[in-house]
file entry_33.txt (compact mmCIF, C-alpha atoms)
# COMPACT_ATOMS: atom_id res chain seq x y z
CA VAL A 1 8.56 11.21 1.75
CA THR A 2 7.55 11.36 -1.89
CA LEU A 3 5.47 8.56 -3.32
CA VAL A 4 6.09 7.67 -6.96
CA PRO A 5 3.28 5.82 -8.76
CA VAL A 6 4.33 2.45 -10.06
CA SER A 7 2.70 0.72 -13.00
CA SER A 8 0.50 -2.19 -12.00
CA ALA A 9 1.98 -4.23 -14.84
CA TYR A 10 4.97 -5.88 -13.23
CA PRO A 11 6.84 -7.45 -14.69
CA PRO A 12 6.18 -5.32 -17.76
CA PRO A 13 4.86 -7.13 -20.85
CA SER A 14 7.53 -8.62 -23.07
CA CYS A 15 7.78 -10.56 -26.32
CA LYS A 16 6.47 -14.09 -26.11
CA ASP A 17 8.50 -17.04 -27.32
CA ALA A 18 5.90 -18.13 -29.85
CA LYS A 19 6.20 -21.61 -31.29
CA PRO A 20 6.09 -21.88 -35.08
CA ALA A 21 3.43 -23.95 -36.83
CA ALA A 22 4.32 -27.63 -36.62
CA ASN A 23 3.60 -28.13 -40.33
CA PHE A 24 5.65 -25.12 -41.49
CA THR A 25 7.84 -25.28 -44.58
CA ASN A 26 9.42 -22.29 -46.29
CA GLU A 27 7.97 -23.33 -49.64
CA ARG A 28 4.41 -23.27 -48.24
CA TYR A 29 4.95 -19.74 -46.91
CA TYR A 30 6.48 -18.28 -50.09
CA GLY A 31 4.18 -16.28 -52.33
CA LEU A 32 1.63 -13.51 -52.03
CA TRP A 33 -0.51 -13.04 -48.90
CA TYR A 34 -3.36 -10.58 -48.26
CA GLU A 35 -3.69 -9.16 -44.78
CA ILE A 36 -7.20 -9.84 -43.45
CA GLY A 37 -6.62 -8.06 -40.16
CA LYS A 38 -4.19 -7.40 -37.35
CA ILE A 39 -3.52 -6.58 -33.75
CA GLN A 40 -0.77 -4.00 -33.60
CA THR A 41 1.01 -1.74 -31.12
CA ALA A 42 1.82 1.88 -31.97
CA GLY A 43 5.36 1.05 -33.12
CA GLY A 44 4.15 -1.29 -35.84
CA ALA A 45 1.45 1.17 -36.78
CA PHE A 46 4.15 3.75 -37.58
CA PHE A 47 4.31 2.29 -41.11
CA GLU A 48 1.08 0.28 -41.29
CA GLY A 49 -1.33 2.42 -39.28
CA ASP A 50 -3.05 4.03 -42.26
CA CYS A 51 -2.71 1.02 -44.57
CA VAL A 52 -5.45 -0.58 -46.62
CA CYS A 53 -5.09 -3.12 -49.45
CA THR A 54 -2.17 -4.65 -47.55
CA THR A 55 -0.21 -7.53 -49.05
CA ILE A 56 2.88 -9.41 -48.00
CA GLY A 57 5.08 -11.02 -50.64
CA VAL A 58 7.51 -13.67 -49.42
CA ARG A 59 10.34 -15.22 -51.44
CA ALA A 60 13.59 -17.04 -50.82
CA ASP A 61 16.57 -14.71 -50.43
CA PRO A 62 18.98 -15.77 -53.18
CA SER A 63 21.81 -13.83 -51.52
CA GLY A 64 21.15 -15.26 -48.07
CA LYS A 65 21.69 -18.50 -46.25
CA GLU A 66 19.39 -21.49 -46.50
CA GLY A 67 16.06 -20.50 -44.94
CA ASP A 68 16.58 -16.74 -45.34
CA ALA A 69 13.76 -14.90 -47.09
CA VAL A 70 12.76 -11.47 -48.37
CA VAL A 71 9.41 -10.04 -47.28
CA THR A 72 7.82 -7.08 -49.07
CA ASN A 73 4.99 -5.37 -47.19
CA SER A 74 2.86 -3.25 -49.55
CA CYS A 75 -0.25 -1.17 -49.04
CA ARG A 76 -2.20 1.93 -50.01
CA LYS A 77 -2.49 4.89 -47.65
CA LYS A 78 -6.04 5.29 -46.23
CA THR A 79 -7.98 4.43 -49.43
CA PRO A 80 -7.65 1.92 -52.30
CA GLN A 81 -6.59 4.88 -54.47
CA GLY A 82 -4.18 6.26 -51.86
CA LYS A 83 -0.43 6.56 -52.11
CA TYR A 84 1.34 3.24 -52.68
CA MET A 85 3.76 2.38 -49.86
CA ASN A 86 6.07 -0.56 -49.28
CA ALA A 87 8.79 -1.74 -46.96
CA THR A 88 11.10 -4.65 -47.63
CA ALA A 89 12.73 -6.69 -44.89
CA LYS A 90 14.90 -9.77 -44.69
CA LEU A 91 14.04 -12.82 -42.63
CA ILE A 92 17.37 -14.06 -41.31
CA ARG A 93 18.82 -16.56 -38.85
CA GLU A 94 16.00 -19.09 -39.10
CA GLN A 95 16.21 -20.77 -35.67
CA GLU A 96 13.76 -23.50 -36.59
CA PRO A 97 11.36 -23.74 -39.54
CA GLY A 98 9.02 -20.73 -39.38
CA LYS A 99 10.96 -18.66 -36.83
CA TRP A 100 13.37 -15.91 -37.88
CA GLN A 101 14.71 -12.51 -37.00
CA GLU A 102 13.32 -9.75 -39.24
CA SER A 103 15.73 -7.04 -40.37
CA PHE A 104 14.65 -3.85 -42.15
CA PHE A 105 18.06 -2.16 -42.10
CA PRO A 106 21.54 -3.73 -41.82
CA PHE A 107 22.56 -2.18 -38.48
CA ALA A 108 19.13 -1.68 -36.89
CA PRO A 109 17.87 -4.01 -34.16
CA THR A 110 15.97 -7.04 -35.44
CA GLN A 111 12.65 -8.37 -34.23
CA SER A 112 11.30 -11.89 -33.89
CA TYR A 113 9.10 -13.08 -36.77
CA THR A 114 7.20 -16.34 -36.35
CA ILE A 115 4.53 -18.10 -38.41
CA ILE A 116 2.35 -19.55 -35.66
CA SER A 117 -0.27 -21.07 -37.96
CA LEU A 118 -0.11 -22.15 -41.60
CA GLY A 119 -2.65 -23.78 -43.89
CA ALA A 120 -2.99 -24.01 -47.65
CA ASN A 121 -4.87 -20.68 -47.76
CA TYR A 122 -4.11 -18.98 -44.44
CA ALA A 123 -1.26 -17.99 -42.16
CA VAL A 124 -0.87 -16.16 -38.86
CA GLU A 125 2.34 -14.22 -38.30
CA TYR A 126 3.56 -12.83 -34.96
CA ASP A 127 6.42 -10.36 -34.81
CA CYS A 128 7.76 -8.67 -31.71
CA GLN A 129 10.52 -6.38 -30.54
CA ASP A 130 11.33 -5.29 -27.00
CA ILE A 131 13.97 -2.56 -26.91
CA PHE A 132 14.74 -0.39 -23.89
CA GLY A 133 11.48 -1.49 -22.28
CA LEU A 134 9.36 -0.49 -25.29
CA LEU A 135 7.26 -3.40 -26.52
CA ASN A 136 6.05 -3.48 -30.12
CA TYR A 137 4.26 -6.45 -31.62
CA CYS A 138 1.88 -7.40 -34.41
CA ILE A 139 -0.34 -10.38 -35.02
CA HIS A 140 -1.25 -10.58 -38.71
CA ILE A 141 -4.07 -12.79 -40.05
CA LEU A 142 -3.20 -13.61 -43.67
CA SER A 143 -4.99 -15.24 -46.61
CA ARG A 144 -4.03 -16.30 -50.12
CA THR A 145 -7.08 -14.33 -51.33
CA PRO A 146 -8.32 -10.82 -50.40
CA THR A 147 -11.21 -12.32 -48.41
CA GLN A 148 -11.47 -15.04 -45.78
CA ASP A 149 -14.35 -16.91 -44.20
CA PRO A 150 -15.14 -14.90 -41.03
CA ALA A 151 -15.41 -18.13 -39.01
CA LEU A 152 -11.84 -19.05 -40.01
CA THR A 153 -10.61 -15.54 -39.15
CA ARG A 154 -12.21 -15.81 -35.68
CA LYS A 155 -10.68 -19.26 -35.14
CA LEU A 156 -7.18 -18.06 -36.15
CA LEU A 157 -7.49 -14.95 -34.00
CA ASN A 158 -8.75 -16.94 -30.99
CA ASN A 159 -5.85 -19.40 -31.36
CA ALA A 160 -3.35 -16.50 -31.32
CA LEU A 161 -5.04 -14.95 -28.29
CA ALA A 162 -5.00 -18.29 -26.46
CA MET A 163 -1.20 -18.31 -26.92
CA GLY A 164 -1.03 -15.11 -24.83
CA LEU A 165 0.52 -13.05 -27.64
CA ASN A 166 -1.69 -9.96 -27.19
CA THR A 167 -0.07 -8.92 -23.92
CA GLU A 168 -1.46 -5.38 -24.08
CA GLN A 169 -5.03 -6.53 -24.83
CA LEU A 170 -5.22 -4.46 -28.03
CA ASP A 171 -8.20 -4.53 -30.38
CA TYR A 172 -8.26 -6.53 -33.60
CA LYS A 173 -8.60 -4.37 -36.72
CA GLN A 174 -9.96 -5.67 -40.01
CA THR A 175 -7.87 -4.61 -43.04
CA LEU A 176 -9.82 -3.07 -45.92
CA GLN A 177 -9.38 -5.21 -49.04
CA GLN A 178 -12.67 -4.35 -50.77
CA GLY A 179 -12.21 -2.12 -53.80
CA CYS A 180 -8.47 -2.82 -53.95
CA TRP A 181 -8.36 -5.44 -56.65

call {"tool": "encode", "arguments": {"input": "entry_33.txt", "output": "C-alpha cells"}}
result
Amino acid sequence: VTLVPVSSAYPPPSCKDAKPAANFTNERYYGLWYEIGKIQTAGGAFFEGDCVCTTIGVRADPSGKEGDAVVTNSCRKKTPQGKYMNATAKLIREQEPGKWQESFFPFAPTQSYTIISLGANYAVEYDCQDIFGLLNYCIHILSRTPTQDPALTRKLLNNALAMGLNTEQLDYKQTLQQGCW
C-alpha cells in the first residue's frame, strides 16, 4: 500500500463572493488612483511583482455597455526611474454596481473584480481567478493621492481581512510611492 500525502487545506481555497461597497457608483470610482499597498498571490505578481509608483486609471468604456469600464494599471519596474510598464483591461458584465468581470484579452478567462470599499479619497479592490485549481487574487488598497493616513490603511486592510478574502494568509506589501511624483 502506498500512502499519498494529501494537502491539509480541504476544500482548497477558492475565490470569495465579495460584496461590493453599498455606496458604490461608477462615477465615484472613475479617475486616477494610487496603490498604497496590496496582498497578492504569485499569479498577480507576474505583472505587478516588481512594481513601484503604481497607479490605476479608471474610465467609462465608450465602446462598451452601460457600466463597462477601462482600467489602466501603470507602474515603474523596481525603482521610480525604472522601466515604465502598463496593462489595460476592460471591466465588463457589471453584475451589480461595483462588481464586474475583468478581461485583459478577448478570449482569455476573466476574473472577478469588486470594489469592496469606497470613500471620497480611498477604495479597496478585490480581484480573483480560480482556474484549474490555481487560485490567484489581489487585494489593493487605493488612494486619490500617493500617500494615505496609516490608520486609514490599517482600517481598510483589517476590513478586507475580516471579509475572509486573504484565504492564503499572505503578507501585506506597501507600494513605494515616495520619489515617484

call {"tool": "atom_distance", "arguments": {"input": "entry_33.txt", "atom1": "atom CA of A:Ile36", "atom2": "atom CA of A:Thr110"}}
result
24.7 Å

call {"tool": "closest_residue", "arguments": {"input": "entry_33.txt", "among": "A:Trp181, A:Tyr29, A:Trp100, A:Phe24", "to": "A:Cys75", "atoms": "all atoms listed in the file"}}
result
A:Trp181

call {"tool": "residues_around", "arguments": {"input": "entry_33.txt", "residues": "stretch 117-126 of chain A", "least_positions_apart": "5", "cutoff": "6 Å", "atoms": "all atoms listed in the file", "output": "list in words"}}
result
Ala21, Cys138, Ile139, His140, Ile141, Leu142, Ser143 and Arg144 of chain A

call {"tool": "axis_aligned_box", "arguments": {"input": "entry_33.txt", "around": "stretch 134-139 of chain A", "padding_each_side": "3 Å", "output": "lines of an AutoDock Vina configuration file"}}
result
center_x = 4.5
center_y = -5.4
center_z = -30.2
size_x = 15.7
size_y = 15.9
size_z = 15.7

call {"tool": "closest_atom_pairs", "arguments": {"input": "entry_33.txt", "of": "stretch 28-63 of chain A", "to": "stretch 158-175 of chain A", "cutoff": "7 Å", "atoms": "only C-alpha atoms", "output": "JSON lines"}}
result
{"residue": "A:Glu35", "atom": "CA", "partner": "A:Thr175", "partner_atom": "CA", "distance": 6.4}
{"residue": "A:Ile36", "atom": "CA", "partner": "A:Thr175", "partner_atom": "CA", "distance": 5.3}
{"residue": "A:Gly37", "atom": "CA", "partner": "A:Gln174", "partner_atom": "CA", "distance": 4.1}
{"residue": "A:Lys38", "atom": "CA", "partner": "A:Lys173", "partner_atom": "CA", "distance": 5.4}
{"residue": "A:Ile39", "atom": "CA", "partner": "A:Tyr172", "partner_atom": "CA", "distance": 4.7}
{"residue": "A:Val52", "atom": "CA", "partner": "A:Thr175", "partner_atom": "CA", "distance": 5.9}

call {"tool": "atom_distance", "arguments": {"input": "entry_33.txt", "atom1": "atom CA of A:Gly43", "atom2": "atom CA of A:Gly98"}}
result
23.0 Å

call {"tool": "closest_residue", "arguments": {"input": "entry_33.txt", "among": "A:Thr41, A:Gln95, A:Gln111, A:Thr88", "to": "A:Asp61", "atoms": "all atoms listed in the file"}}
result
A:Thr88

call {"tool": "atom_distance", "arguments": {"input": "entry_33.txt", "atom1": "atom CA of A:Ala22", "atom2": "atom CA of A:Gly67"}}
result
16.1 Å

call {"tool": "closest_residue", "arguments": {"input": "entry_33.txt", "among": "A:Gln101, A:Gln177, A:Thr147, A:Thr72", "to": "A:Ala89", "atoms": "all atoms listed in the file"}}
result
A:Thr72

call {"tool": "closest_residue", "arguments": {"input": "entry_33.txt", "among": "A:Met85, A:Leu135, A:Ala60, A:Leu91", "to": "A:Ile115", "atoms": "all atoms listed in the file"}}
result
A:Leu91
